[in-house]
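Pasted below: entry-v8.tsv, TSV, C-alpha atoms and all ligand atoms.
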chain	number	residue	atom	x	y	z
E	6	MET	CA	9.96	-7.41	-37.96
E	7	THR	CA	9.51	-8.47	-34.34
E	8	LYS	CA	7.29	-11.46	-33.66
E	9	PRO	CA	3.75	-10.47	-32.63
E	10	GLU	CA	4.04	-11.91	-29.13
E	11	THR	CA	7.12	-9.84	-28.43
E	12	ASN	CA	5.96	-6.75	-30.22
E	13	LEU	CA	6.21	-3.66	-28.10
E	14	PHE	CA	3.11	-2.32	-29.76
E	15	THR	CA	0.81	-5.29	-29.24
E	16	PRO	CA	-2.02	-4.66	-26.73
E	17	HIS	CA	-1.39	-6.37	-23.44
E	18	ARG	CA	-3.44	-7.07	-20.33
E	19	LEU	CA	-1.95	-5.99	-17.02
E	20	GLN	CA	-4.13	-7.79	-14.50
E	21	GLY	CA	-7.56	-6.60	-15.62
E	22	LEU	CA	-6.24	-3.51	-17.38
E	23	GLU	CA	-6.06	-3.55	-21.18
E	24	LEU	CA	-3.02	-1.54	-22.29
E	25	ARG	CA	-2.66	-0.54	-25.94
E	26	ASN	CA	1.03	-1.49	-25.89
E	27	ARG	CA	3.92	-2.37	-23.61
E	28	PHE	CA	5.54	1.03	-23.74
E	29	ILE	CA	5.44	2.73	-20.34
E	30	ARG	CA	6.22	6.31	-19.45
E	31	SER	CA	8.22	5.86	-16.26
E	32	ALA	CA	7.28	8.08	-13.31
E	33	THR	CA	8.67	11.56	-13.91
E	34	LEU	CA	8.31	14.43	-11.50
E	35	GLU	CA	7.45	17.55	-13.48
E	36	GLY	CA	7.22	20.24	-10.78
E	37	LEU	CA	4.25	21.78	-12.57
E	38	CYS	CA	1.84	22.06	-9.62
E	39	GLY	CA	1.22	24.92	-7.23
E	40	VAL	CA	1.91	24.70	-3.51
E	41	ASP	CA	-1.58	23.22	-3.07
E	42	GLY	CA	-0.42	20.06	-4.90
E	43	ARG	CA	-3.32	20.22	-7.33
E	44	ALA	CA	-2.86	19.38	-11.02
E	45	THR	CA	-2.52	22.53	-13.13
E	46	ALA	CA	-3.63	23.10	-16.72
E	47	ALA	CA	0.03	22.78	-17.76
E	48	LEU	CA	0.31	19.34	-16.15
E	49	ILE	CA	-2.97	18.16	-17.68
E	50	ASP	CA	-1.82	19.37	-21.12
E	51	LEU	CA	1.45	17.48	-20.70
E	52	TYR	CA	-0.36	14.21	-19.96
E	53	ARG	CA	-2.69	14.75	-22.91
E	54	GLN	CA	0.36	15.25	-25.11
E	55	LEU	CA	2.10	12.16	-23.70
E	56	ALA	CA	-0.99	10.02	-24.23
E	57	ALA	CA	-1.42	11.37	-27.76
E	58	GLY	CA	2.21	10.37	-28.30
E	59	GLY	CA	1.28	6.72	-28.03
E	60	GLY	CA	2.53	5.40	-24.67
E	61	GLY	CA	0.44	2.56	-23.21
E	62	LEU	CA	0.68	3.27	-19.50
E	63	LEU	CA	1.62	6.73	-18.26
E	64	ILE	CA	2.93	6.79	-14.70
E	65	SER	CA	2.71	10.13	-12.91
E	66	GLY	CA	5.62	11.70	-11.08
E	67	ILE	CA	5.93	10.88	-7.39
E	68	THR	CA	2.67	12.02	-5.81
E	69	TYR	CA	2.80	12.74	-2.12
E	70	VAL	CA	0.47	10.83	0.15
E	71	ALA	CA	0.94	13.15	3.14
E	72	GLU	CA	2.15	16.75	3.51
E	73	GLU	CA	5.19	15.63	5.50
E	74	GLY	CA	6.18	13.36	2.61
E	75	ARG	CA	6.53	16.19	0.07
E	76	LEU	CA	9.74	16.20	-1.93
E	77	ILE	CA	9.51	19.51	-3.80
E	78	PRO	CA	7.09	22.44	-3.36
E	79	THR	CA	5.56	21.97	-6.82
E	80	GLY	CA	4.78	18.25	-6.81
E	81	LEU	CA	1.39	16.60	-7.29
E	82	GLY	CA	-0.51	15.48	-4.21
E	83	ALA	CA	-3.10	12.82	-3.39
E	84	ALA	CA	-3.08	13.62	0.29
E	85	SER	CA	-6.46	15.32	0.51
E	86	ASP	CA	-9.84	15.30	-1.18
E	87	ALA	CA	-9.13	18.83	-2.41
E	88	GLN	CA	-6.65	17.24	-4.85
E	89	LEU	CA	-9.22	14.78	-6.28
E	90	ALA	CA	-10.62	16.99	-9.04
E	91	GLY	CA	-7.16	17.56	-10.53
E	92	LEU	CA	-6.38	13.85	-10.50
E	93	GLU	CA	-9.66	13.22	-12.28
E	94	LYS	CA	-8.75	15.73	-15.02
E	95	LEU	CA	-5.40	14.01	-15.53
E	96	ALA	CA	-7.06	10.61	-15.89
E	97	VAL	CA	-9.67	11.98	-18.31
E	98	ALA	CA	-7.00	13.67	-20.48
E	99	VAL	CA	-5.01	10.43	-20.74
E	100	HIS	CA	-8.11	8.34	-21.47
E	101	GLN	CA	-9.31	10.74	-24.17
E	102	GLU	CA	-6.08	10.04	-26.05
E	103	GLY	CA	-6.31	6.26	-25.61
E	104	GLY	CA	-3.75	5.83	-22.83
E	105	SER	CA	-3.96	4.40	-19.33
E	106	PHE	CA	-2.99	6.36	-16.24
E	107	CYS	CA	-1.16	5.15	-13.15
E	108	LEU	CA	-0.58	7.38	-10.13
E	109	GLN	CA	2.80	6.89	-8.46
E	110	LEU	CA	2.44	7.24	-4.70
E	111	GLY	CA	5.42	8.17	-2.59
E	112	HIS	CA	6.88	9.76	0.50
E	113	ALA	CA	10.27	11.48	0.50
E	114	GLY	CA	11.08	10.39	4.06
E	115	GLY	CA	14.61	11.41	5.02
E	116	GLN	CA	15.17	12.89	1.57
E	117	GLY	CA	12.66	15.61	2.44
E	118	GLN	CA	13.53	19.13	3.56
E	119	SER	CA	11.75	20.83	6.46
E	120	LYS	CA	11.12	23.98	4.41
E	121	VAL	CA	9.12	21.86	1.94
E	122	CYS	CA	7.52	19.19	4.13
E	123	GLY	CA	6.74	21.55	6.99
E	124	ARG	CA	8.49	19.65	9.78
E	125	GLN	CA	11.68	17.75	10.55
E	126	PRO	CA	11.75	15.04	7.86
E	127	LEU	CA	10.68	11.56	8.95
E	128	ALA	CA	12.77	8.44	8.37
E	129	PRO	CA	13.07	4.92	9.76
E	130	SER	CA	16.10	6.01	11.82
E	131	ALA	CA	17.61	9.29	12.92
E	132	THR	CA	20.87	9.02	11.02
E	133	LYS	CA	22.41	11.80	8.95
E	134	LEU	CA	23.46	10.28	5.65
E	135	GLU	CA	24.79	11.78	2.42
E	136	GLN	CA	21.40	11.39	0.69
E	137	TYR	CA	19.57	13.22	3.49
E	138	PRO	CA	19.59	17.04	3.33
E	139	GLU	CA	18.89	17.23	7.08
E	140	MET	CA	18.96	15.07	10.17
E	141	PRO	CA	15.62	13.22	10.10
E	142	GLN	CA	13.44	12.19	13.02
E	143	GLU	CA	12.98	8.47	13.66
E	144	MET	CA	9.33	7.61	13.00
E	145	THR	CA	7.23	6.55	15.95
E	146	LEU	CA	4.98	3.51	15.63
E	147	ALA	CA	1.99	5.85	15.44
E	148	GLU	CA	3.66	7.75	12.56
E	149	ILE	CA	4.34	4.48	10.75
E	150	GLU	CA	0.72	3.44	11.16
E	151	GLY	CA	-0.47	6.87	9.99
E	152	THR	CA	1.77	6.74	6.91
E	153	VAL	CA	0.53	3.26	5.94
E	154	ALA	CA	-3.01	4.63	6.20
E	155	ALA	CA	-2.03	7.70	4.14
E	156	PHE	CA	-0.77	5.48	1.30
E	157	ALA	CA	-4.03	3.53	1.37
E	158	ALA	CA	-6.16	6.69	1.42
E	159	ALA	CA	-4.19	8.16	-1.49
E	160	ALA	CA	-4.68	4.94	-3.48
E	161	GLY	CA	-8.41	5.19	-2.73
E	162	ARG	CA	-8.42	8.74	-4.11
E	163	ALA	CA	-6.57	7.56	-7.23
E	164	LYS	CA	-9.22	4.94	-7.88
E	165	GLN	CA	-12.04	7.37	-7.14
E	166	ALA	CA	-10.50	9.86	-9.59
E	167	GLY	CA	-10.56	7.28	-12.39
E	168	CYS	CA	-6.87	6.36	-12.45
E	169	ASP	CA	-6.30	2.88	-13.87
E	170	ALA	CA	-3.57	1.80	-11.46
E	171	VAL	CA	-1.28	2.96	-8.68
E	172	GLN	CA	2.44	2.41	-8.24
E	173	LEU	CA	4.26	2.49	-4.90
E	174	HIS	CA	7.62	4.24	-5.09
E	175	ALA	CA	9.87	1.84	-3.20
E	176	ALA	CA	13.06	2.91	-4.99
E	177	HIS	CA	15.62	5.73	-5.25
E	178	GLY	CA	16.16	6.09	-1.53
E	179	TYR	CA	12.70	7.43	-0.62
E	180	LEU	CA	10.82	6.39	2.51
E	181	ILE	CA	9.81	2.82	1.57
E	182	ASN	CA	13.32	2.15	0.24
E	183	GLN	CA	14.71	3.64	3.47
E	184	PHE	CA	12.82	1.00	5.47
E	185	LEU	CA	14.07	-1.80	3.20
E	186	SER	CA	17.70	-0.74	3.25
E	187	PRO	CA	19.96	-1.82	6.14
E	188	LEU	CA	21.90	1.40	5.65
E	189	THR	CA	18.98	3.69	6.46
E	190	ASN	CA	16.99	1.39	8.74
E	191	GLN	CA	18.65	0.76	12.08
E	192	ARG	CA	15.44	0.27	14.03
E	193	GLN	CA	15.38	-2.19	16.87
E	194	ASP	CA	11.62	-2.83	16.76
E	195	ALA	CA	9.36	-4.90	14.49
E	196	TYR	CA	10.19	-2.62	11.49
E	197	GLY	CA	13.98	-3.03	11.60
E	198	GLY	CA	16.60	-5.74	11.83
E	199	ASP	CA	16.34	-8.71	9.48
E	200	LEU	CA	14.88	-8.42	5.99
E	201	ALA	CA	11.46	-9.68	7.07
E	202	ALA	CA	11.22	-6.82	9.56
E	203	ARG	CA	12.61	-4.22	7.11
E	204	SER	CA	10.01	-5.37	4.51
E	205	ARG	CA	7.13	-5.03	6.97
E	206	PHE	CA	6.41	-1.35	6.17
E	207	LEU	CA	6.17	-2.03	2.42
E	208	LEU	CA	4.05	-5.16	2.87
E	209	GLU	CA	1.70	-3.38	5.26
E	210	ILE	CA	1.23	-0.63	2.67
E	211	VAL	CA	0.55	-3.23	-0.05
E	212	SER	CA	-2.04	-4.91	2.13
E	213	ALA	CA	-3.68	-1.63	3.20
E	214	VAL	CA	-3.85	-0.45	-0.43
E	215	GLN	CA	-5.36	-3.76	-1.54
E	216	GLN	CA	-7.96	-3.54	1.21
E	217	THR	CA	-8.87	-0.04	0.08
E	218	VAL	CA	-8.97	-0.44	-3.70
E	219	GLY	CA	-9.52	-4.20	-3.99
E	220	CYS	CA	-7.11	-6.85	-5.22
E	221	ASP	CA	-8.29	-6.48	-8.83
E	222	PHE	CA	-7.17	-2.84	-9.05
E	223	PRO	CA	-3.63	-2.95	-10.50
E	224	LEU	CA	-1.00	-2.19	-7.86
E	225	LEU	CA	2.54	-1.80	-9.19
E	226	VAL	CA	5.74	-1.37	-7.21
E	227	LYS	CA	8.94	0.36	-8.32
E	228	LEU	CA	11.69	-1.38	-6.39
E	229	ASN	CA	15.36	-0.70	-5.97
E	230	ALA	CA	16.95	-4.02	-6.84
E	231	SER	CA	20.16	-2.50	-5.53
E	232	ASP	CA	20.96	0.75	-3.74
E	233	ASN	CA	24.37	0.66	-5.45
E	234	LEU	CA	25.85	1.56	-2.06
E	235	ALA	CA	28.15	-0.36	0.27
E	236	GLY	CA	25.95	-1.72	3.05
E	237	GLY	CA	22.72	-0.84	1.19
E	238	LEU	CA	19.97	-3.05	-0.23
E	239	ASP	CA	21.48	-5.52	-2.69
E	240	ILE	CA	20.13	-7.87	-5.32
E	241	ASP	CA	20.06	-10.90	-2.98
E	242	GLU	CA	17.77	-9.10	-0.56
E	243	SER	CA	15.69	-7.31	-3.17
E	244	LEU	CA	15.03	-10.66	-4.85
E	245	VAL	CA	13.44	-11.86	-1.62
E	246	VAL	CA	11.39	-8.65	-1.42
E	247	ALA	CA	10.30	-9.10	-5.05
E	248	LYS	CA	9.11	-12.64	-4.27
E	249	LEU	CA	7.14	-11.38	-1.26
E	250	LEU	CA	5.50	-8.72	-3.43
E	251	ASP	CA	4.74	-11.32	-6.08
E	252	ALA	CA	3.13	-13.57	-3.47
E	253	ALA	CA	1.10	-10.60	-2.23
E	254	GLY	CA	-0.46	-10.35	-5.70
E	255	ILE	CA	0.94	-7.11	-7.10
E	256	ALA	CA	0.29	-6.46	-10.80
E	257	ALA	CA	3.88	-5.71	-11.87
E	258	ILE	CA	7.26	-4.72	-10.55
E	259	GLU	CA	9.50	-2.05	-12.08
E	260	ILE	CA	13.17	-2.61	-11.40
E	261	SER	CA	15.38	0.37	-10.72
E	262	SER	CA	18.50	1.03	-8.64
E	263	GLY	CA	20.52	3.69	-6.88
E	264	THR	CA	19.98	6.63	-4.54
E	265	PRO	CA	21.29	10.21	-4.73
E	266	ALA	CA	24.36	8.97	-2.80
E	267	SER	CA	25.26	6.28	-5.35
E	268	GLY	CA	27.95	8.23	-7.22
E	269	ASP	CA	27.89	7.38	-10.92
E	270	GLN	CA	25.32	4.62	-10.31
E	271	LEU	CA	22.42	6.99	-9.76
E	272	PRO	CA	18.77	6.12	-10.47
E	273	ILE	CA	18.92	8.67	-13.32
E	274	ARG	CA	22.30	7.86	-14.79
E	275	LEU	CA	24.32	10.20	-16.96
E	276	GLY	CA	25.03	9.01	-20.48
E	277	HIS	CA	28.43	8.23	-21.87
E	278	GLU	CA	29.92	10.99	-24.01
E	279	SER	CA	29.00	8.93	-27.04
E	280	GLY	CA	25.34	8.85	-26.00
E	281	ALA	CA	25.57	5.05	-26.32
E	282	GLU	CA	22.66	3.01	-25.06
E	283	MET	CA	23.14	1.57	-21.58
E	284	ALA	CA	19.91	-0.15	-20.41
E	285	TYR	CA	21.67	-0.08	-17.09
E	286	ASN	CA	19.23	-1.96	-14.83
E	287	VAL	CA	18.69	-4.89	-17.13
E	288	VAL	CA	20.96	-7.35	-15.33
E	289	LEU	CA	18.93	-6.68	-12.19
E	290	SER	CA	15.51	-6.89	-13.87
E	291	ARG	CA	16.49	-10.10	-15.67
E	292	THR	CA	17.57	-11.69	-12.38
E	293	ILE	CA	14.26	-10.80	-10.76
E	294	LYS	CA	12.19	-11.80	-13.78
E	295	GLN	CA	13.64	-15.30	-13.57
E	296	GLN	CA	12.27	-15.68	-10.04
E	297	VAL	CA	8.84	-14.05	-10.01
E	298	ASN	CA	5.56	-14.73	-11.79
E	299	CYS	CA	4.32	-11.15	-12.01
E	300	PRO	CA	5.30	-9.02	-15.02
E	301	VAL	CA	8.62	-7.18	-14.77
E	302	ILE	CA	9.18	-3.68	-16.13
E	303	ALA	CA	12.68	-2.66	-17.23
E	304	VAL	CA	13.70	0.99	-16.85
E	305	GLY	CA	16.89	3.01	-17.16
E	306	GLY	CA	18.79	3.97	-20.29
E	307	ILE	CA	16.53	2.18	-22.80
E	308	ARG	CA	16.69	4.26	-25.96
E	309	SER	CA	16.03	2.21	-29.10
E	310	LEU	CA	13.35	0.02	-30.62
E	311	HIS	CA	16.02	-2.61	-31.15
E	312	VAL	CA	16.92	-2.83	-27.45
E	313	ALA	CA	13.32	-2.50	-26.24
E	314	THR	CA	12.00	-5.31	-28.42
E	315	GLY	CA	15.11	-7.38	-27.67
E	316	LEU	CA	14.34	-7.19	-23.94
E	317	LEU	CA	10.82	-8.50	-24.57
E	318	ARG	CA	11.87	-11.13	-27.08
E	319	THR	CA	14.57	-12.57	-24.84
E	320	LYS	CA	12.15	-12.50	-21.90
E	321	GLN	CA	14.34	-10.19	-19.86
E	322	ALA	CA	11.33	-7.94	-19.26
E	323	ASP	CA	7.59	-7.84	-19.99
E	324	TYR	CA	7.35	-4.06	-20.40
E	325	VAL	CA	9.81	-1.27	-21.08
E	326	SER	CA	9.67	2.05	-19.31
E	327	LEU	CA	11.29	5.32	-20.38
E	328	SER	CA	11.49	8.73	-18.76
E	329	ARG	CA	13.97	11.25	-20.20
E	330	PRO	CA	13.37	10.38	-23.88
E	331	LEU	CA	9.70	11.32	-23.46
E	332	ILE	CA	10.61	14.73	-22.05
E	333	ARG	CA	12.43	15.36	-25.30
E	334	GLU	CA	9.94	13.61	-27.61
E	335	PRO	CA	6.51	12.93	-26.04
E	336	ASP	CA	5.50	11.25	-29.31
E	337	LEU	CA	8.43	8.81	-29.32
E	338	PRO	CA	6.18	5.71	-29.03
E	339	ASN	CA	4.27	6.74	-32.18
E	340	ARG	CA	7.50	7.57	-34.00
E	341	LEU	CA	9.01	4.19	-33.15
E	342	GLN	CA	5.84	2.36	-34.09
E	343	SER	CA	5.48	4.11	-37.43
E	344	GLY	CA	9.13	3.66	-38.33
E	345	ALA	CA	9.72	7.43	-38.34
E	346	SER	CA	12.59	6.80	-35.94
E	347	GLU	CA	14.44	3.83	-34.52
E	348	LYS	CA	16.00	5.51	-31.55
E	349	SER	CA	15.51	8.33	-29.09
E	350	THR	CA	17.77	11.32	-29.52
E	351	CYS	CA	17.99	11.76	-25.72
E	352	ILE	CA	21.64	11.84	-24.62
E	353	SER	CA	20.89	11.28	-20.89
E	354	CYS	CA	22.56	14.54	-19.90
E	355	ASN	CA	20.11	15.21	-17.01
E	356	GLY	CA	19.62	18.82	-18.09
E	357	CYS	CA	15.85	18.10	-17.76
E	358	LEU	CA	16.29	17.17	-14.11
E	359	LYS	CA	18.11	20.41	-13.35
E	360	THR	CA	15.61	22.63	-15.14
E	361	MET	CA	12.66	20.75	-13.58
E	362	LEU	CA	14.03	21.62	-10.13
E	363	ARG	CA	14.19	25.27	-11.25
E	364	GLY	CA	10.53	25.15	-12.36
E	365	ASN	CA	11.04	24.70	-16.09
E	366	PHE	CA	10.28	21.12	-17.15
E	367	CYS	CA	11.82	20.55	-20.59
E	368	CYS	CA	14.66	19.02	-22.56
E	369	VAL	CA	17.57	21.47	-22.70
E	370	VAL	CA	19.31	19.98	-25.74
E	371	PRO	CA	18.53	21.88	-28.97
X	1	LIG	C1	13.03	14.92	-14.41
X	1	LIG	C2	12.92	13.51	-13.85
X	1	LIG	C3	12.03	13.26	-12.80
X	1	LIG	C4	11.89	11.96	-12.29
X	1	LIG	N1	10.96	11.72	-11.32
X	1	LIG	C5	10.74	10.45	-10.88
X	1	LIG	C6	9.69	10.18	-9.99
X	1	LIG	O1	8.93	11.05	-9.60
X	1	LIG	N2	9.53	8.88	-9.60
X	1	LIG	C7	10.34	7.88	-10.05
X	1	LIG	O2	10.15	6.72	-9.68
X	1	LIG	N3	11.34	8.12	-10.90
X	1	LIG	C8	11.55	9.38	-11.35
X	1	LIG	N4	12.51	9.61	-12.28
X	1	LIG	C9	13.33	8.48	-12.75
X	1	LIG	C10	12.74	7.82	-13.97
X	1	LIG	O3	11.46	7.28	-13.74
X	1	LIG	C11	13.64	6.67	-14.48
X	1	LIG	O4	13.69	5.66	-13.48
X	1	LIG	C12	15.06	7.14	-14.81
X	1	LIG	O5	15.08	8.43	-15.36
X	1	LIG	C13	15.73	6.19	-15.79
X	1	LIG	O6	15.01	6.11	-16.99
X	1	LIG	P1	15.48	6.88	-18.34
X	1	LIG	O7	16.91	6.49	-18.58
X	1	LIG	O8	14.55	6.39	-19.41
X	1	LIG	O9	15.36	8.34	-18.08
X	1	LIG	C14	12.67	10.90	-12.81
X	1	LIG	C15	13.55	11.17	-13.87
X	1	LIG	C16	13.69	12.45	-14.37
X	1	LIG	C17	14.63	12.69	-15.51
Represent the structure of the file as structure tokens.
Ligand SMILES: Cc1cc2nc3c(=O)[nH]c(=O)nc-3n(C[C@H](O)[C@H](O)[C@H](O)COP(=O)(O)O)c2cc1C
Amino acid sequence: MTKPETNLFTPHRLQGLELRNRFIRSATLEGLCGVDGRATAALIDLYRQLAAGGGGLLISGITYVAEEGRLIPTGLGAASDAQLAGLEKLAVAVHQEGGSFCLQLGHAGGQGQSKVCGRQPLAPSATKLEQYPEMPQEMTLAEIEGTVAAFAAAAGRAKQAGCDAVQLHAAHGYLINQFLSPLTNQRQDAYGGDLAARSRFLLEIVSAVQQTVGCDFPLLVKLNASDNLAGGLDIDESLVVAKLLDAAGIAAIEISSGTPASGDQLPIRLGHESGAEMAYNVVLSRTIKQQVNCPVIAVGGIRSLHVATGLLRTKQADYVSLSRPLIREPDLPNRLQSGASEKSTCISCNGCLKTMLRGNFCCVVP
């Protein structure tokens, strides 16, 4: 038995938000929307199923804040009021099953493709890198200002729709991460150069979101603690960013790593042939947890009750977050809590990622 204070299934308060447990469904792009970016019945059903499966906080897949920030043609949007009603239905479905709903807000930046985002992709600097499908355009100051405002407006829509929290996607090589990383940000103005300048975009978004939704509305950030790339953001710099976010009053920080150019150290890492548990970002999340006051969420390769509760008990994390296992078994939290299983049967093969991109969101392992 785990001690009550470290029990994964004990209710916990995240800022003002009462969560039924510390089990988080990490943001997972499903590709189940139409080109209008509105939530479909299939997406709403999926969230109802996930909430019925017992997770405490369900984080949506990356939700675009502006048309030019779209990553795939079938992603969810919070870029216009026309998308509000769908967001509301998602929040209602999750609430009806006792869960809490967080909308992840993001912008693909240089990882976008013009055929999806409708223009030459935007990025901090016009540099063609391995993780960029096309040569991006360096953002003007007006475009930076407009994008900060778009994040704030999207957060406002999330709150209006009844979501319980928002998370900024500052990881995996997307736009906010591109500003933070010295590899992708070669700007010579106030948004590039030293770490303080590279953090400016993120901190302006945090401040604009807080002004829009209020400081008591939980604002989470998913941060790359390392890009796992030579010359990219590393743990020393991300630690400083984490402290700045903590000082700004965010509700929690989820620690991830990697970009699509990070070889075998991707954000969504392939499993070993044995399917052995990796919990591959834990060294990073532990390092950050030791230095910040806000709760820290561990994500990446966590597969068993034993490891999840161990992370909480040893104070290496305050919450655990899982993605691929819940594609395979949406009711995994309930199964772990009831003792019906001790471990996910997900083998981290990334078949789900490939089928999602082809429009069929599911686990491919029989
Ligand atoms: C199909 C799929 C879609 C994903 N989409 C997102 C996303 O939209 N935003 C995000 O931050 N992470 C996304 N991720 C990454 C997960 O949130 C998580 O960080 C990663 O998969 C590691 O956790 P896991 O080992 O439990 O799967 C996605 C992962 C998968 C498999």
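Residue nearest Gly61 of chain E, chosen from E:Gln136, E:Ser326, E:Gln165, E:Thr314 and counting only C-alpha atoms: E:Ser326.
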Within 6 Å of ligand LIG 1 (chain X), which residues show up when you count all atoms listed in the file? List them as a PDB file with C-alpha atoms, in the frame of the given file, please.
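Ended up saving to result.pdb:
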ATOM      1  CA  SER E  31       8.220   5.860 -16.260  1.00  0.00           C
ATOM      2  CA  ALA E  32       7.280   8.080 -13.310  1.00  0.00           C
ATOM      3  CA  THR E  33       8.670  11.560 -13.910  1.00  0.00           C
ATOM      4  CA  LEU E  34       8.310  14.430 -11.500  1.00  0.00           C
ATOM      5  CA  GLY E  66       5.620  11.700 -11.080  1.00  0.00           C
ATOM      6  CA  ILE E  67       5.930  10.880  -7.390  1.00  0.00           C
ATOM      7  CA  HIS E 174       7.620   4.240  -5.090  1.00  0.00           C
ATOM      8  CA  PRO E 272      18.770   6.120 -10.470  1.00  0.00           C
ATOM      9  CA  ILE E 273      18.920   8.670 -13.320  1.00  0.00           C
ATOM     10  CA  VAL E 304      13.700   0.990 -16.850  1.00  0.00           C
ATOM     11  CA  GLY E 305      16.890   3.010 -17.160  1.00  0.00           C
ATOM     12  CA  GLY E 306      18.790   3.970 -20.290  1.00  0.00           C
ATOM     13  CA  ILE E 307      16.530   2.180 -22.800  1.00  0.00           C
ATOM     14  CA  LEU E 327      11.290   5.320 -20.380  1.00  0.00           C
ATOM     15  CA  SER E 328      11.490   8.730 -18.760  1.00  0.00           C
ATOM     16  CA  ARG E 329      13.970  11.250 -20.200  1.00  0.00           C
ATOM     17  CA  CYS E 357      15.850  18.100 -17.760  1.00  0.00           C
ATOM     18  CA  LEU E 358      16.290  17.170 -14.110  1.00  0.00           C
ATOM     19  CA  MET E 361      12.660  20.750 -13.580  1.00  0.00           C
TER      20      MET E 361
END
Query raised in the report: Rounded to one decimal in Å, what is the spacing between atom CA of Glu93 of chain E and atom CA of Leu208 of chain E?
Result: 27.5 Å
Requested in this report: Extract, using all atoms listed in the file, all DNA, RNA and protein residues at most 9 Å from Leu331 of chain E, discarding same-chain residues fewer than 6 positions from it, and format them as a VMD selection string.
Outcome: chain E and resid 30 55 58 337 to 338 349 351
Report summary line: If you count only C-alpha atoms, the residue of E:Ser290, E:Asn298, E:Asn229, E:Gln270 closest to Asp251 of chain E turns out to be E:Asn298
Per residue of segment 237-345 of chain E within 12 Å of segment 19-26 of chain E, what are the shortest atom pair and its distance in Å to one decimal, counting all atoms listed in the file, with rows by chain and residue number, as a tab-separated table?
residue	atom	partner	partner_atom	distance
E:Gly254	CA	E:Gln20	CA	9.9
E:Ile255	CA	E:Gln20	CA	9.0
E:Ala256	CA	E:Gln20	CA	5.9
E:Ala257	CA	E:Leu19	CA	7.8
E:Ile258	CA	E:Leu19	CA	11.3
E:Cys299	CA	E:Gln20	CA	9.4
E:Pro300	CA	E:Leu19	CA	8.1
E:Val301	CA	E:Leu19	CA	10.9
E:Ile302	CA	E:Leu19	CA	11.4
E:Thr314	CA	E:Asn26	CA	11.9
E:Asp323	CA	E:Leu19	CA	10.2
E:Tyr324	CA	E:Asn26	CA	8.8
E:Val325	CA	E:Asn26	CA	10.0
E:Ser326	CA	E:Asn26	CA	11.4
E:Pro338	CA	E:Asn26	CA	9.4
E:Asn339	CA	E:Asn26	CA	10.9
E:Gln342	CA	E:Asn26	CA	10.3
Query raised in the report: Near Ile64 of chain E, within 12 Å and counting only C-alpha atoms, which residues show up once chain neighbours fewer than 6 positions away are dropped, as an MDAnalysis selection string?
Result: chainID E and resid 28:35 52 55:56 95:96 99 104:110 168:174 224:227 259 326:328 331
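The residue that comes closest to Leu134 of chain E, out of E:Pro78, E:Gly178, E:Pro223, E:Gly344 and on the basis of all atoms listed in the file, is E:Gly178.
When only C-alpha atoms are used to compute distances to Met283 of chain E, the closest of the residues E:Gly236, E:Ser353, E:His17, E:Thr189 turns out to be E:Ser353.
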Taking all listed atoms of segment 305-310 of chain E, build the axis-aligned box, pad each of the six sides by 3 Å, then write its centre and edge lengths in Å to one decimal as JSON.
{"center_x": 16.1, "center_y": 2.1, "center_z": -23.9, "size_x": 11.4, "size_y": 10.2, "size_z": 19.5}
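In this comparison, which uses all atoms listed in the file, the residue of E:Glu334, E:Asp232, E:Glu143, E:Glu72 approaching Gly197 of chain E most closely is E:Glu143.
The closest residue to Gln118 of chain E, picked from E:Glu73, E:Ala154, E:Arg162, E:Ile49 and counting all atoms listed in the file, is E:Glu73.
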Query raised in the report: Counting only C-alpha atoms, what is within 12 Å of Thr45 of chain E, bar same-chain residues fewer than 4 positions away, as a ChimeraX atom specification?
Result: /E:35-41,49-52,79-82,88,90-95
**Report entry** Nearby residues, (11.6, -6.1, -6.1) file frame, 6 Å, only C-alpha atoms, as an MDAnalysis selection string
**Finding:** chainID E and resid 228 230 243:244 246:247
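Taking all atoms listed in the file into account, those protein, DNA and RNA residues with any atom at most 10 Å away from (5.1, -0.5, 11.1) amount to Pro129, Met144, Thr145, Leu146, Ala147, Glu148, Ile149, Glu150, Gly151, Thr152, Val153, Phe184, Asp194, Ala195, Tyr196, Gly197, Ala202, Arg203, Ser204, Arg205, Phe206, Leu207, Leu208, Glu209 and Ile210 of chain E.
Counting from atom CA of Gly115 of chain E, the distance to atom CA of Tyr137 of chain E is 5.5 Å.
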Report task. Do a neighbour search on Thr360 of chain E at 10 Å with all atoms listed in the file, toss out local chain neighbours closer than 5 positions, and write the hits as a PyMOL selection string. Result -> chain E and resi 35-36+355+365-369
Atoms to include: C-alpha atoms. Write the selected residues as an mmCIF file, keeping the file's coordinate frame.
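And here's result-v4.cif as it stands now:
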data_model
loop_
_atom_site.group_PDB
_atom_site.id
_atom_site.type_symbol
_atom_site.label_atom_id
_atom_site.label_comp_id
_atom_site.auth_asym_id
_atom_site.auth_seq_id
_atom_site.Cartn_x
_atom_site.Cartn_y
_atom_site.Cartn_z
ATOM 1 C CA GLU E 35 7.450 17.550 -13.480
ATOM 2 C CA GLY E 36 7.220 20.240 -10.780
ATOM 3 C CA ASN E 355 20.110 15.210 -17.010
ATOM 4 C CA ASN E 365 11.040 24.700 -16.090
ATOM 5 C CA PHE E 366 10.280 21.120 -17.150
ATOM 6 C CA CYS E 367 11.820 20.550 -20.590
ATOM 7 C CA CYS E 368 14.660 19.020 -22.560
ATOM 8 C CA VAL E 369 17.570 21.470 -22.700
#
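As for atom CA of His177 of chain E and atom CA of Pro16 of chain E, they are spaced 29.7 Å apart.
Look at Glu135 of chain E: the protein and nucleic acid residues within 12 Å of it, using all atoms listed in the file and passing over chain neighbours fewer than 4 places away, are E:Gly115, E:Gln116, E:Glu139, E:Met140, E:Gly178, E:Leu188, E:Thr189, E:Leu234, E:Thr264, E:Pro265, E:Ala266, E:Ser267, E:Gly268.
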